[in-house]
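Inspection log for the structure reproduced underneath, given as structure tokens.
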Amino acid sequence: MMGLRAVLAIAERDIRSTLRDKMAMFWLVLFPIMMLTFSFLLWANPTKPVTLDVGVVYADSTMDDPELNLNFTARNVTDIMSEVEVETEEGEKIKVFNIREYEDEEAAKEALRKGELDAVIVFPEGFSYNLSYGFPAEVKIYIRGGDAYREQITRAIIAGFFDSFSDKAAEVRIEASREYLEGMPPEEKEIVIEYFRGLAWPIRREEEVITPETLLGKAGLMGWFTVSAIGMQFLMAGLSIGATMVVEERERRTLRRLMASPIGPWDLLIGKTLSGLFSLAISALTCLLFGLALGARISWDPLNNLGHALVPLVLLLAAFTVLGLGLVISMVAKSARGASGMATAIGFPLMFLTGVWIPKWFLPEPLRTFADYFPVTMATDAIRAVMVFGRGAEAVLTVLPLLGLLAAMVYGLGVLAYKLVLRRSL
């Protein structure tokens, strides 16, 4: 038989004990605040545009030949590069290229090897002449390796500049060719011009980058991490709470007294589960309020949005899952400290390997598949979809049946583990 008064008494006792325990309150309140603060400072601040240090070598004698009367030279190219700027969200303008001139190619490459430059551009003999008179003009580009991220950024920026420069040069050349087509009927002239354009650009592409509205800027990223912190806390704290439910009572020497009283095994389990749910609720509320206080973009309108109304249910199912996993862990724990340590040892890597704290697309394919069906990740993704990305109820309804089934199975296994640990402890 199960008594409501006994259940509530156990829950109240545990809640009071948790609120008085400074270490427990650290993990429930201060730890997520610390993690969110670090995340906001490190990742939720938009990265400033990169400025590349580029060495330039003018190995082109035609550039300074007055007899050639060139209308565009290699120096004009680098003058344009030095003026390229991008504007940050705060309105600050940052130069993309920091140009440094070198006397010869070997000196520039040596600076590249020492890490003083990100890239070297060599304008070979005839570059200026070929560019001015419509012939193919070639450049040699050396990019510093060793840092895959920086190498990719450097390659993309320099390639983007020369692609854009080549497009404009081709357009100027094509327009200049009109004077050689005088006398042709206008219709035929336009056909020839379009043919020239087809030679220059066999495929014309149009590119546009579209970022999800809720991830535009700092507020959206902070919202993303705020929901991630809730999932992280459920995983870390939930496993620890479940793992120490019975072991802690045994270590305090209160388990036998509780079982000798009118309180039954089910009263103890349900009471401790309620206190665990209360602790996880405190932690989730802490994450949410701290994120909102710092400007995270999170919306919750349960009266007008079914997806938002289902968020508490999703959190409840995730909580039952982690508490059940914690109970399973308690089967091999001999002390409360050991149970808590095992929960941390399991929960901490899962926090990263299941996409709860970092995006799933960072994970290799096998781990990404595992993350797709990990209950805490499913719950976190569903909540983030409706509260941060603004999706509808389908984002929750599609995962709710599987999440409910997994929660029932895992908590059911936890109940079996609880009965086994209780039998061993009495």
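So you can find residues: chains in the structure tokens are A, B, ... in the order shown, residues in each start at 1, and ligands are numbered from 1 in order.
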**Item:** Shell of 12 Å around Met409 of chain A, only C-alpha atoms, local chain residues under 2 positions omitted, as an MDAnalysis selection string
**Value:** chainID A and resid 317 320:325 328 375 402:407 411:416
**Shell around Lys93 of chain A at 12 Å using only C-alpha atoms, local window under 2 positions removed, as a ChimeraX atom specification** = /A:48-51,83-91,95-96
**Prompt:** Contacts of Arg384 of chain A at 10 Å or less, counting only C-alpha atoms, minus same-chain residues fewer than 2 places along, as a list in words?
**Reply:**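 Answer for this query is Gly223, Trp224, Phe225, Thr226, Val227, Ser228, Ile298, Ser299, Val311, Met378, Ala379, Thr380, Asp381, Ala382, Val386, Met387, Val388, Phe389, Gly390, Arg391, Ala395 and Val396 of chain A.
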Write out, as a PDB file, in the first residue's frame, the residues just selected, with C-alpha atoms.
ATOM      1  CA  GLY A 223      18.832  31.029 -26.323  1.00  0.00           C
ATOM      2  CA  TRP A 224      20.321  27.943 -27.970  1.00  0.00           C
ATOM      3  CA  PHE A 225      22.792  27.434 -25.113  1.00  0.00           C
ATOM      4  CA  THR A 226      20.193  28.165 -22.422  1.00  0.00           C
ATOM      5  CA  VAL A 227      18.084  25.218 -23.557  1.00  0.00           C
ATOM      6  CA  SER A 228      21.251  23.119 -23.883  1.00  0.00           C
ATOM      7  CA  ILE A 298      13.470  32.328 -25.763  1.00  0.00           C
ATOM      8  CA  SER A 299       9.708  32.335 -26.229  1.00  0.00           C
ATOM      9  CA  VAL A 311       7.303  21.512 -23.060  1.00  0.00           C
ATOM     10  CA  MET A 378      15.465  14.234 -28.174  1.00  0.00           C
ATOM     11  CA  ALA A 379      13.866  16.306 -25.414  1.00  0.00           C
ATOM     12  CA  THR A 380      16.424  19.125 -25.745  1.00  0.00           C
ATOM     13  CA  ASP A 381      16.059  19.268 -29.530  1.00  0.00           C
ATOM     14  CA  ALA A 382      12.252  19.345 -29.299  1.00  0.00           C
ATOM     15  CA  VAL A 386       9.667  25.325 -30.409  1.00  0.00           C
ATOM     16  CA  MET A 387      11.132  27.784 -27.894  1.00  0.00           C
ATOM     17  CA  VAL A 388      14.166  29.009 -29.851  1.00  0.00           C
ATOM     18  CA  PHE A 389      13.556  28.212 -33.523  1.00  0.00           C
ATOM     19  CA  GLY A 390       9.843  29.007 -33.383  1.00  0.00           C
ATOM     20  CA  ARG A 391       8.625  25.766 -34.935  1.00  0.00           C
ATOM     21  CA  ALA A 395       8.415  19.350 -33.556  1.00  0.00           C
ATOM     22  CA  VAL A 396       7.261  17.953 -30.200  1.00  0.00           C
TER      23      VAL A 396
END
**Message:** So that I can see what lies close to Leu8 of chain A, please list as a list in words the residues with an atom at most 9 Å from it, counting only C-alpha atoms and leaving out residues fewer than 2 positions away in the same chain.
**Reply:**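 So, after excluding close chain neighbours, the residues are Gly3, Leu4, Arg5, Ala6, Ile10, Ala11, Glu12, Arg13, Asp267, Ile270, Gly271 and Leu274 of chain A.
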**Request:** Return as a PyMOL selection string the full set of residues in segment 74-128 of chain A whose backbone-based DSSP assignment is strand (DSSP E).
**Result:** chain A and resi 85-87+93-95+97-102+119-123
